[in-house]
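Structure file structure.cif; described as mmCIF, C-alpha atoms.
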```
data_protein
loop_
_atom_site.label_atom_id
_atom_site.label_comp_id
_atom_site.auth_asym_id
_atom_site.auth_seq_id
_atom_site.Cartn_x
_atom_site.Cartn_y
_atom_site.Cartn_z
CA MET N 200 191.29 -49.31 89.01
CA ASN N 201 190.44 -50.51 92.49
CA GLU N 202 187.75 -49.10 94.70
CA ALA N 203 190.09 -46.87 96.69
CA GLN N 204 191.36 -45.21 93.55
CA SER N 205 187.96 -44.65 92.00
CA ARG N 206 186.19 -43.41 95.12
CA PRO N 207 186.08 -39.62 95.38
CA ALA N 208 187.74 -38.24 98.50
CA ALA N 209 185.44 -37.66 101.46
CA TRP N 210 185.19 -34.08 102.79
CA HIS N 211 187.29 -34.93 105.83
CA GLU N 212 190.02 -36.40 103.67
CA VAL N 213 190.19 -33.14 101.72
CA VAL N 214 190.41 -31.11 104.94
CA LEU N 215 193.13 -33.35 106.32
CA ALA N 216 195.18 -33.21 103.12
CA THR N 217 194.84 -29.43 102.90
CA LEU N 218 195.93 -28.95 106.52
CA LYS N 219 198.91 -31.17 105.81
CA SER N 220 199.92 -29.39 102.61
CA ASN N 221 199.88 -26.11 104.57
CA ASN N 222 201.97 -27.56 107.40
CA VAL N 223 199.21 -27.21 110.01
CA ARG N 224 200.38 -29.83 112.48
CA LEU N 225 198.40 -29.18 115.66
CA ALA N 226 194.67 -29.87 115.91
CA VAL N 227 192.82 -29.17 119.15
CA TYR N 228 189.14 -29.95 119.33
CA VAL N 229 186.06 -30.18 121.43
CA PRO N 230 184.35 -33.29 120.08
CA ASP N 231 181.53 -33.20 117.57
CA ARG N 232 179.64 -36.12 116.04
CA VAL N 233 179.85 -34.83 112.47
CA PHE N 234 183.61 -34.17 112.80
CA THR N 235 184.27 -37.65 114.20
CA PRO N 236 185.83 -39.06 111.01
CA LEU N 237 188.11 -36.02 110.68
CA ILE N 238 189.15 -36.25 114.34
CA ALA N 239 189.83 -39.97 113.98
CA ALA N 240 191.93 -39.37 110.86
CA LEU N 241 193.93 -36.63 112.59
CA HIS N 242 194.70 -38.98 115.47
CA ALA N 243 195.66 -41.77 113.07
CA ASP N 244 198.16 -39.65 111.13
CA PRO N 245 201.51 -39.14 112.90
CA PHE N 246 201.99 -35.87 111.01
CA PHE N 247 199.47 -34.32 113.40
CA THR N 248 199.36 -33.72 117.11
CA ALA N 249 195.66 -33.96 117.93
CA PHE N 250 193.92 -33.80 121.28
CA ALA N 251 190.77 -32.62 123.01
CA ALA N 252 190.50 -29.47 125.10
CA THR N 253 187.80 -29.05 127.74
CA ARG N 254 186.46 -25.82 126.25
CA GLU N 255 186.69 -24.11 122.89
CA GLU N 256 188.33 -20.97 124.26
CA GLU N 257 190.95 -23.15 125.91
CA ALA N 258 191.65 -24.69 122.50
CA LEU N 259 192.06 -21.21 121.01
CA GLY N 260 194.56 -20.32 123.73
CA ILE N 261 196.56 -23.47 123.00
CA ILE N 262 196.84 -22.85 119.27
CA ALA N 263 197.60 -19.15 119.88
CA GLY N 264 200.57 -20.21 122.01
CA ALA N 265 201.60 -22.80 119.45
CA TRP N 266 201.55 -20.20 116.67
CA MET N 267 203.74 -17.87 118.68
CA GLY N 268 206.07 -20.80 119.26
CA GLY N 269 206.28 -21.51 115.54
CA LEU N 270 203.73 -24.29 115.14
CA ARG N 271 200.58 -23.87 113.05
CA GLY N 272 197.36 -25.10 114.61
CA THR N 273 193.66 -25.46 114.04
CA VAL N 274 190.64 -25.71 116.32
CA LEU N 275 187.62 -27.90 115.61
CA MET N 276 184.27 -27.26 117.28
CA GLN N 277 180.56 -27.35 116.72
CA THR N 278 178.22 -24.38 116.50
CA SER N 279 177.33 -24.39 120.19
CA GLY N 280 181.03 -24.22 121.01
CA PHE N 281 181.36 -21.12 118.91
CA GLY N 282 179.02 -19.46 121.37
CA THR N 283 181.71 -19.72 124.03
CA ILE N 284 184.58 -18.04 122.17
CA PRO N 285 183.70 -14.42 121.31
CA ASN N 286 185.77 -13.11 124.24
CA ALA N 287 188.82 -15.13 123.23
CA LEU N 288 188.44 -13.91 119.65
CA ALA N 289 187.91 -10.28 120.61
CA SER N 290 190.54 -10.03 123.34
CA LEU N 291 193.26 -12.44 122.19
CA ILE N 292 193.10 -13.72 118.62
CA VAL N 293 192.02 -10.56 116.80
CA PRO N 294 194.01 -7.92 118.74
CA CYS N 295 197.18 -10.04 118.79
CA GLN N 296 196.74 -10.76 115.05
CA ILE N 297 197.01 -14.52 115.38
CA PRO N 298 196.07 -16.62 112.32
CA ALA N 299 193.84 -19.04 114.18
CA LEU N 300 192.25 -21.55 111.81
CA ILE N 301 188.82 -22.55 113.09
CA PHE N 302 186.55 -25.25 111.69
CA VAL N 303 182.94 -25.16 112.85
CA SER N 304 180.59 -28.07 112.28
CA GLU N 305 177.38 -26.24 111.55
CA ARG N 306 174.42 -27.21 113.66
CA GLY N 307 171.19 -25.32 113.99
CA THR N 308 170.06 -25.26 110.37
CA LEU N 309 168.91 -27.52 107.53
CA GLY N 310 166.99 -29.95 109.67
CA GLU N 311 168.07 -29.04 113.20
CA PHE N 312 165.97 -30.67 115.90
CA ASN N 313 167.40 -28.84 118.93
CA LEU N 314 166.18 -25.28 119.50
CA GLY N 315 169.27 -24.42 121.55
CA GLN N 316 171.52 -25.26 118.61
CA ALA N 317 169.31 -23.28 116.25
CA MET N 318 169.55 -20.14 118.39
CA VAL N 319 173.34 -20.31 118.80
CA CYS N 320 173.68 -20.75 115.06
CA LYS N 321 171.93 -17.43 114.50
CA THR N 322 174.59 -15.61 116.57
CA MET N 323 177.60 -17.02 114.76
CA ARG N 324 177.83 -15.00 111.55
CA PRO N 325 176.86 -11.66 113.15
CA VAL N 326 179.62 -12.14 115.75
CA LEU N 327 182.18 -12.94 113.06
CA ALA N 328 181.02 -10.03 110.93
CA SER N 329 181.18 -7.61 113.85
CA LEU N 330 184.80 -8.61 114.49
CA ALA N 331 185.59 -8.49 110.76
CA VAL N 332 186.83 -12.09 110.95
CA GLU N 333 187.18 -13.77 107.56
CA HIS N 334 184.69 -16.63 107.40
CA HIS N 335 183.34 -18.95 104.75
CA THR N 336 180.38 -21.27 104.78
CA ILE N 337 181.39 -24.29 102.73
CA THR N 338 178.52 -26.21 101.13
CA ARG N 339 180.20 -27.87 98.14
CA GLN N 340 183.00 -30.35 98.05
CA ASP N 341 184.34 -29.03 94.74
CA GLU N 342 185.04 -25.70 96.47
CA LEU N 343 186.38 -27.13 99.73
CA GLU N 344 190.07 -27.45 98.96
CA PHE N 345 190.25 -24.08 97.22
CA ILE N 346 188.56 -22.21 100.05
CA VAL N 347 190.52 -23.89 102.85
CA ASP N 348 193.88 -23.79 101.10
CA ARG N 349 193.64 -20.16 99.99
CA SER N 350 192.22 -19.03 103.32
CA ILE N 351 195.01 -20.67 105.32
CA LYS N 352 197.56 -18.94 103.14
CA GLN N 353 195.73 -15.63 103.51
CA ALA N 354 195.45 -16.06 107.30
CA VAL N 355 199.18 -16.59 107.65
CA ALA N 356 200.10 -13.84 105.19
CA THR N 357 197.78 -11.25 106.73
CA GLN N 358 198.10 -12.45 110.36
CA ALA N 359 194.37 -12.81 110.81
CA PRO N 360 192.07 -15.68 111.82
CA ALA N 361 189.93 -17.64 109.37
CA VAL N 362 186.75 -19.52 110.17
CA PHE N 363 185.41 -22.38 108.07
CA ILE N 364 181.76 -23.18 108.68
CA LEU N 365 181.15 -26.64 107.27
CA SER N 366 177.50 -26.84 106.25
CA PRO N 367 175.36 -29.98 106.49
CA LEU N 368 175.24 -29.71 102.69
CA LEU N 369 178.92 -30.69 102.76
CA THR N 370 179.12 -33.01 105.74
CA GLY N 371 175.65 -34.51 105.84
CA GLY N 372 175.10 -32.92 109.25
CA LYS N 373 173.40 -34.62 112.14
CA VAL N 374 169.87 -35.81 111.67
CA PHE N 375 167.07 -36.45 114.12
CA ALA N 376 167.28 -40.11 115.00
CA ALA N 377 163.92 -40.70 116.67
CA MET A 123 208.63 -30.73 152.24
CA THR A 124 205.01 -30.31 151.33
CA VAL A 125 202.69 -28.09 153.31
CA PRO A 126 198.92 -27.77 153.38
CA GLN A 127 197.48 -24.49 152.17
CA HIS A 128 196.86 -23.08 155.63
CA ASN A 129 200.49 -23.60 156.65
CA ALA A 130 201.94 -21.85 153.63
CA LYS A 131 203.47 -18.47 154.41
CA VAL A 132 201.74 -15.42 152.98
CA MET A 133 204.32 -13.85 150.66
CA ASN A 134 204.46 -11.01 148.15
CA ARG A 135 203.82 -11.47 144.43
CA PHE A 136 206.33 -8.91 143.18
CA ALA A 137 209.07 -10.29 145.43
CA LEU A 138 208.38 -13.84 144.26
CA THR A 139 208.16 -12.78 140.61
CA LYS A 140 211.60 -11.20 140.91
CA ARG A 141 212.95 -14.40 142.48
CA LEU A 142 211.47 -16.40 139.60
CA VAL A 143 212.93 -14.14 136.91
CA ALA A 144 216.34 -14.27 138.60
CA ALA A 145 216.24 -18.07 138.34
CA LEU A 146 215.68 -18.05 134.55
CA LYS A 147 218.97 -18.72 132.78
CA ARG A 148 217.97 -20.48 129.56
CA GLU A 149 215.63 -18.05 127.80
CA GLU A 150 212.60 -19.74 129.33
CA ALA A 151 209.25 -18.43 128.06
CA VAL A 152 206.94 -16.81 130.61
CA ILE A 153 203.25 -16.26 129.87
CA ALA A 154 201.53 -14.04 132.41
CA GLY A 155 197.81 -13.70 132.96
CA ILE A 156 195.86 -10.46 133.08
CA GLY A 157 196.16 -7.79 135.71
CA ASN A 158 198.56 -7.73 138.60
CA THR A 159 200.25 -10.97 137.54
CA ASN A 160 201.24 -9.20 134.34
CA PHE A 161 202.17 -5.96 136.02
CA ASP A 162 204.61 -7.58 138.42
CA LEU A 163 206.24 -9.60 135.64
CA TRP A 164 206.58 -6.44 133.56
CA SER A 165 208.16 -4.61 136.50
CA SER A 166 210.56 -7.46 137.17
CA GLY A 167 212.49 -6.52 134.05
CA ARG A 168 211.64 -6.83 130.38
CA ARG A 169 212.55 -10.12 128.78
CA PRO A 170 211.99 -10.89 125.08
CA GLN A 171 210.58 -14.26 126.17
CA ASN A 172 207.76 -12.71 128.24
CA PHE A 173 204.20 -12.65 126.93
CA TYR A 174 201.79 -10.31 128.66
CA MET A 175 198.21 -11.47 128.09
CA LEU A 176 195.99 -8.39 128.08
CA GLY A 177 192.52 -9.96 127.81
CA SER A 178 191.10 -13.48 127.59
CA MET A 179 191.06 -14.09 131.35
CA GLY A 180 191.98 -17.68 132.16
CA LEU A 181 193.95 -18.46 129.01
CA ALA A 182 197.54 -17.97 130.20
CA ILE A 183 197.92 -21.67 130.98
CA PRO A 184 196.46 -22.83 127.63
CA ILE A 185 198.75 -20.36 125.79
CA ALA A 186 201.73 -21.67 127.74
CA LEU A 187 200.74 -25.24 126.87
CA GLY A 188 200.70 -24.30 123.19
CA VAL A 189 204.16 -22.75 123.42
CA ALA A 190 205.44 -25.82 125.29
CA ILE A 191 204.12 -28.14 122.57
CA ALA A 192 205.60 -25.98 119.81
CA GLN A 193 209.01 -25.67 121.48
CA PRO A 194 209.67 -28.83 123.51
CA ARG A 195 213.30 -27.88 124.15
CA ARG A 196 212.40 -24.59 125.83
CA HIS A 197 210.97 -24.47 129.35
CA VAL A 198 207.70 -22.58 129.56
CA ILE A 199 206.14 -21.00 132.63
CA ALA A 200 202.54 -19.87 133.05
CA LEU A 201 201.83 -17.27 135.74
CA GLU A 202 198.21 -17.00 136.83
CA GLY A 203 196.07 -15.62 139.61
CA ASP A 204 193.62 -17.68 141.64
CA GLY A 205 190.57 -16.01 140.07
CA SER A 206 191.86 -16.61 136.55
CA LEU A 207 192.63 -20.25 137.24
CA LEU A 208 189.21 -20.84 138.78
CA MET A 209 187.68 -19.56 135.54
CA GLN A 210 189.42 -22.23 133.43
CA LEU A 211 190.03 -25.25 135.68
CA GLY A 212 189.60 -27.67 132.79
CA CYS A 213 192.95 -26.61 131.37
CA LEU A 214 194.71 -28.36 134.26
CA SER A 215 193.40 -31.74 133.14
CA THR A 216 194.34 -30.97 129.54
CA VAL A 217 197.89 -30.21 130.74
CA ALA A 218 197.91 -33.43 132.76
CA VAL A 219 196.87 -35.53 129.78
CA GLN A 220 199.39 -33.94 127.41
CA ALA A 221 202.02 -34.00 130.18
CA PRO A 222 204.61 -31.66 128.68
CA ARG A 223 207.81 -32.06 130.70
CA ASN A 224 208.79 -28.47 129.91
CA LEU A 225 205.77 -26.72 131.44
CA THR A 226 205.49 -25.12 134.87
CA ILE A 227 202.34 -23.46 136.21
CA ILE A 228 202.71 -20.91 139.00
CA VAL A 229 199.58 -19.56 140.66
CA TRP A 230 199.49 -16.53 142.95
CA ASP A 231 196.68 -17.05 145.46
CA ASN A 232 195.56 -13.98 147.38
CA GLY A 233 191.98 -15.23 147.77
CA ILE A 234 190.55 -12.17 146.05
CA TYR A 235 189.65 -10.79 142.67
CA GLN A 236 192.13 -8.05 143.46
CA ILE A 237 191.91 -5.79 140.43
CA THR A 238 188.12 -5.59 140.44
CA GLY A 239 187.78 -4.50 144.05
CA GLY A 240 188.86 -7.36 146.25
CA GLN A 241 185.83 -9.62 146.07
CA PRO A 242 186.67 -13.02 147.61
CA THR A 243 187.50 -16.00 145.40
CA ALA A 244 186.58 -19.56 146.27
CA SER A 245 190.18 -20.22 147.26
CA ALA A 246 189.79 -17.84 150.21
CA THR A 247 187.45 -20.17 152.03
CA ALA A 248 186.81 -23.43 150.25
CA ALA A 249 188.93 -24.42 147.27
CA ASP A 250 192.51 -25.73 147.62
CA LEU A 251 194.21 -25.00 144.29
CA VAL A 252 196.98 -27.54 144.80
CA ALA A 253 194.46 -30.26 145.62
CA ILE A 254 192.56 -29.30 142.46
CA ALA A 255 195.73 -29.49 140.35
CA ARG A 256 196.66 -32.85 141.83
CA GLY A 257 193.13 -34.11 141.34
CA SER A 258 193.28 -32.93 137.75
CA GLY A 259 196.24 -35.24 137.24
CA ILE A 260 199.28 -33.00 137.78
CA ALA A 261 201.13 -35.10 140.34
CA ARG A 262 203.93 -32.57 140.90
CA SER A 263 201.76 -29.97 142.61
CA ALA A 264 202.74 -28.17 145.80
CA TRP A 265 202.22 -25.13 147.96
CA ALA A 266 205.36 -23.05 148.43
CA ALA A 267 205.91 -23.05 152.19
CA ASP A 268 208.04 -19.89 152.12
CA GLU A 269 210.41 -18.01 149.83
CA ALA A 270 213.18 -20.58 150.08
CA ASP A 271 210.74 -23.37 149.33
CA PHE A 272 209.45 -21.40 146.33
CA ASP A 273 213.01 -21.13 145.02
CA ARG A 274 213.51 -24.85 145.50
CA LEU A 275 210.25 -25.78 143.77
CA VAL A 276 211.07 -23.50 140.83
CA ALA A 277 214.58 -24.93 140.50
CA GLU A 278 213.18 -28.47 140.47
CA ALA A 279 210.50 -27.58 137.94
CA LEU A 280 212.99 -25.98 135.55
CA HIS A 281 214.68 -29.35 135.13
CA ASP A 282 211.97 -30.40 132.67
CA GLY A 283 210.55 -33.06 134.92
CA GLY A 284 207.09 -31.59 134.69
CA PRO A 285 204.44 -30.62 134.22
CA SER A 286 204.69 -28.91 137.59
CA PHE A 287 202.19 -26.80 139.52
CA ILE A 288 203.36 -24.38 142.22
CA ALA A 289 200.93 -22.30 144.25
CA ALA A 290 201.97 -19.44 146.50
CA ARG A 291 199.80 -17.63 149.01
CA ILE A 292 200.32 -13.92 148.56
CA ASP A 293 199.26 -10.71 150.26
CA GLY A 294 196.90 -8.06 148.92
CA GLU A 295 199.56 -5.63 147.74
CA PRO A 296 198.70 -4.22 144.30
CA GLY A 297 200.86 -4.89 141.29
CA VAL A 298 203.89 -2.72 140.61
CA GLY A 299 203.59 -0.63 137.45
CA THR A 300 201.50 -1.46 134.41
CA THR A 301 202.30 -3.09 131.10
CA ASP A 302 202.26 -1.29 127.79
CA ARG A 303 198.96 -2.17 126.19
CA ASP A 304 199.97 -2.90 122.62
CA PRO A 305 199.02 -6.51 121.88
CA VAL A 306 200.56 -6.62 118.41
CA GLN A 307 203.88 -5.33 119.68
CA ILE A 308 203.81 -7.70 122.66
CA ARG A 309 203.09 -10.65 120.38
CA ALA A 310 205.73 -9.68 117.82
CA ARG A 311 208.45 -9.17 120.46
CA PHE A 312 207.55 -12.47 122.10
CA MET A 313 207.83 -14.37 118.84
CA GLU A 314 211.15 -12.72 118.16
CA GLY A 315 212.26 -13.68 121.66
CA LEU A 316 211.34 -17.29 120.88
CA GLY A 317 213.26 -17.18 117.62
CA VAL A 318 210.14 -17.58 115.50
CA LYS A 319 209.61 -15.95 112.16
CA ARG A 320 206.00 -15.73 111.26
#
```
Rewrite the coordinates I just gave you, this time as structure tokens.
Amino acid sequence: MNEAQSRPAAWHEVVLATLKSNNVRLAVYVPDRVFTPLIAALHADPFFTAFAATREEEALGIIAGAWMGGLRGTVLMQTSGFGTIPNALASLIVPCQIPALIFVSERGTLGEFNLGQAMVCKTMRPVLASLAVEHHTITRQDELEFIVDRSIKQAVATQAPAVFILSPLLTGGKVFAA
Amino acid sequence: MTVPQHNAKVMNRFALTKRLVAALKREEAVIAGIGNTNFDLWSSGRRPQNFYMLGSMGLAIPIALGVAIAQPRRHVIALEGDGSLLMQLGCLSTVAVQAPRNLTIIVWDNGIYQITGGQPTASATAADLVAIARGSGIARSAWAADEADFDRLVAEALHDGGPSFIAARIDGEPGVGTTDRDPVQIRARFMEGLGVKR
């Protein structure tokens, strides 16, 4: 057995494979350091169309249009980006019943060094709860594929968005460098 | 012919919207932004390929980009107002980078936030929307000099040589009629009009 075969899959490899198995072909993101390996892998795989948007709500608009045109899409962002999308969720995604698949790289907890990130993080789950948007905080790799796979299928079947908050417990997060 | 903003004729949104709809022969998708842009599209005749965006100000162009990526063989048109575009200028550079040949952006510029009481937008005095679009990387950007020039620009854009950006100066006449306000029904009819099963 060589090293590639014996090495357990990294979290981003699981996410990529699960998106692929659910035919999610479009990935629009606002860059995030923790998501960098996932973004690089999406660009490297010709199955996916991956590109950056200038704002998170713009990315939501793009994947909403893609869904209506018959193409499944996902949006990648970090916690601070989530702070910019409640209007797009409440006035487009939720009322139009669009199964937007949103991955959030969780900042603001478990060793955060930036107060601004910490405050935005506190708004995220209350906003999602108030809109009754299905959301999961994923901390364990052994639950990652199950949660993402089942939630994508549920989103499509019930025509409702799903938000995956990827905890630093899963991704390693971003640590204070100084 | 290209004209600077100040030489473009002040036209009427509903009249131009009707001219646009009359030019659509291939089930082109049209995504209209909130307010009067929507209302005039609605009143120009229902089409299954029309999407009326009821909230999310500024997102008509991103939605149209998504449709254009999903359906590269269908031409897609985004209709926006000047205030809405100014709220989401970054989307123009995203469009420029992705460069979908099947996307046309049409912006109605009356220099006011019309539906909220006529407060002036930046395009009334300072900002040139075509210069912004060109600076964002959309080379095919032009002011419509008059109605005939608008027709010509639309006809050129529909040939999939885009992305294209067309701006038209318009008067302060309110929109004609109002859309139904049922987002689920609007979305479902639009998807059906695009031949998409969910």
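Nearest-residue note for chain N: choosing from A:Val276, A:Val229, A:Ile308, A:Ala290, the minimum distance belongs to A:Ile308, counting all atoms listed in the file.
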- Non-local contacts of Val326 of chain N (12 Å; all atoms listed in the file; under 4 positions in same chain excluded) as a PyMOL selection string: chain N and resi 281-286+288-289+319-322+330-334+362
- Show which residues sit within 8 Å of segment 237-254 of chain N, as a ChimeraX atom specification. Count all atoms listed in the file, and ignore same-chain residues fewer than 3 positions away. /N:211-212,214-215,219,223-230,234,257-258,280 /A:212-213,216
Mind dumping a table of every chain A residue within 6 Å of chain N, with the nearest atom pair and its distance in Å to one decimal, using only C-alpha atoms, sorted by chain and rising number, as JSON lines?
```
{"residue": "A:Gly177", "atom": "CA", "partner": "N:Ser290", "partner_atom": "CA", "distance": 4.9}
{"residue": "A:Ser178", "atom": "CA", "partner": "N:Ala287", "partner_atom": "CA", "distance": 5.2}
{"residue": "A:Leu181", "atom": "CA", "partner": "N:Gly260", "partner_atom": "CA", "distance": 5.6}
{"residue": "A:Pro184", "atom": "CA", "partner": "N:Ile261", "partner_atom": "CA", "distance": 4.7}
{"residue": "A:Ile185", "atom": "CA", "partner": "N:Gly264", "partner_atom": "CA", "distance": 4.2}
{"residue": "A:Leu187", "atom": "CA", "partner": "N:Ile261", "partner_atom": "CA", "distance": 6.0}
{"residue": "A:Gly188", "atom": "CA", "partner": "N:Ala265", "partner_atom": "CA", "distance": 4.1}
{"residue": "A:Val189", "atom": "CA", "partner": "N:Gly264", "partner_atom": "CA", "distance": 4.6}
{"residue": "A:Ala192", "atom": "CA", "partner": "N:Ala265", "partner_atom": "CA", "distance": 5.1}
{"residue": "A:Gly212", "atom": "CA", "partner": "N:Thr253", "partner_atom": "CA", "distance": 5.5}
{"residue": "A:Pro305", "atom": "CA", "partner": "N:Cys295", "partner_atom": "CA", "distance": 5.0}
{"residue": "A:Val306", "atom": "CA", "partner": "N:Cys295", "partner_atom": "CA", "distance": 4.8}
{"residue": "A:Met313", "atom": "CA", "partner": "N:Met267", "partner_atom": "CA", "distance": 5.4}
{"residue": "A:Val318", "atom": "CA", "partner": "N:Gly269", "partner_atom": "CA", "distance": 5.5}
```
- Using only C-alpha atoms, determine which residues lie at most 12 Å from Leu309 of chain N, disregarding the query and same-chain residues fewer than 2 positions distant; provide the list as a list in words.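 Listing them by chain and then by number gives Glu305, Arg306, Gly307, Glu311, Phe312, Asn313, Gln316, Ala317, Cys320, Thr338, Ser366, Pro367, Leu368, Leu369, Thr370, Gly371, Gly372, Lys373, Val374 and Phe375 of chain N.
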- Taking the file as shown, find all residues satisfying the PyMOL selection byres ((chain A and resi 199) around 9) and write them as a VMD selection string. chain A and resid 150 to 154 183 186 to 187 190 197 to 198 200 to 201 224 to 228 280
- Task: For the structure provided, state which residues fall under the PyMOL selection byres ((chain N and resi 347) around 9), and present them as an MDAnalysis selection string.
- Result: chainID N and resid 214 217:218 335 342:346 348:352 363
What does the file look like for those residues with C-alpha atoms, as a CSV table (one decimal), in the frame of the given file?
```csv
chain,number,residue,atom,x,y,z
N,214,VAL,CA,190.4,-31.1,104.9
N,217,THR,CA,194.8,-29.4,102.9
N,218,LEU,CA,195.9,-29.0,106.5
N,335,HIS,CA,183.3,-19.0,104.8
N,342,GLU,CA,185.0,-25.7,96.5
N,343,LEU,CA,186.4,-27.1,99.7
N,344,GLU,CA,190.1,-27.4,99.0
N,345,PHE,CA,190.2,-24.1,97.2
N,346,ILE,CA,188.6,-22.2,100.0
N,348,ASP,CA,193.9,-23.8,101.1
N,349,ARG,CA,193.6,-20.2,100.0
N,350,SER,CA,192.2,-19.0,103.3
N,351,ILE,CA,195.0,-20.7,105.3
N,352,LYS,CA,197.6,-18.9,103.1
N,363,PHE,CA,185.4,-22.4,108.1
```
- Task: Evaluate the PyMOL selection byres ((chain A and resi 247) around 12) and record the selected residues as a count of residues only, following the chain and residue labels used in the document.
- Result: 15
- Task: Pick out the residues sitting within 12 Å of Arg169 of chain A, and hand them over as a VMD selection string; count all atoms listed in the file, and ignore anything fewer than 2 positions along from it in its own chain.
- Result: chain A and resid 143 to 144 146 to 153 163 to 167 171 to 174 308 311 to 316
- Task: Find the spatial neighbours of Pro126 of chain A, counting all atoms listed in the file, within a cut-off of 8 Å - ignore same-chain residues fewer than 3 positions away - and output them as number ranges by chain.
- Result: A: 129-130, 265
- Query: Quick one, how far is atom CA of Ala361 of chain N from atom CA of Phe302 of chain N?
  - Reply: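 It comes out at 8.6 Å.
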- May I ask which of the residues A:Thr124, A:Ser286, A:Thr300, A:Gln241 is the closest one to Arg262 of chain A, counting all atoms listed in the file? A:Ser286
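For the pair atom CA of Gly297 of chain A and atom CA of Met175 of chain A, the separation is 15.0 Å.
We find atom CA of Ile156 of chain A and atom CA of Arg274 of chain A to be spaced 25.9 Å apart.
Ranking N:Leu314, N:Leu275, N:Val213, N:Ala359 by their shortest atom-to-atom distance to Arg232 of chain N, with all atoms listed in the file included, puts N:Leu275 first.
If you measure from each of A:Ser263, A:His281, A:Pro296, A:Asp273 to Arg195 of chain A using all atoms listed in the file, the closest one turns out to be A:His281.
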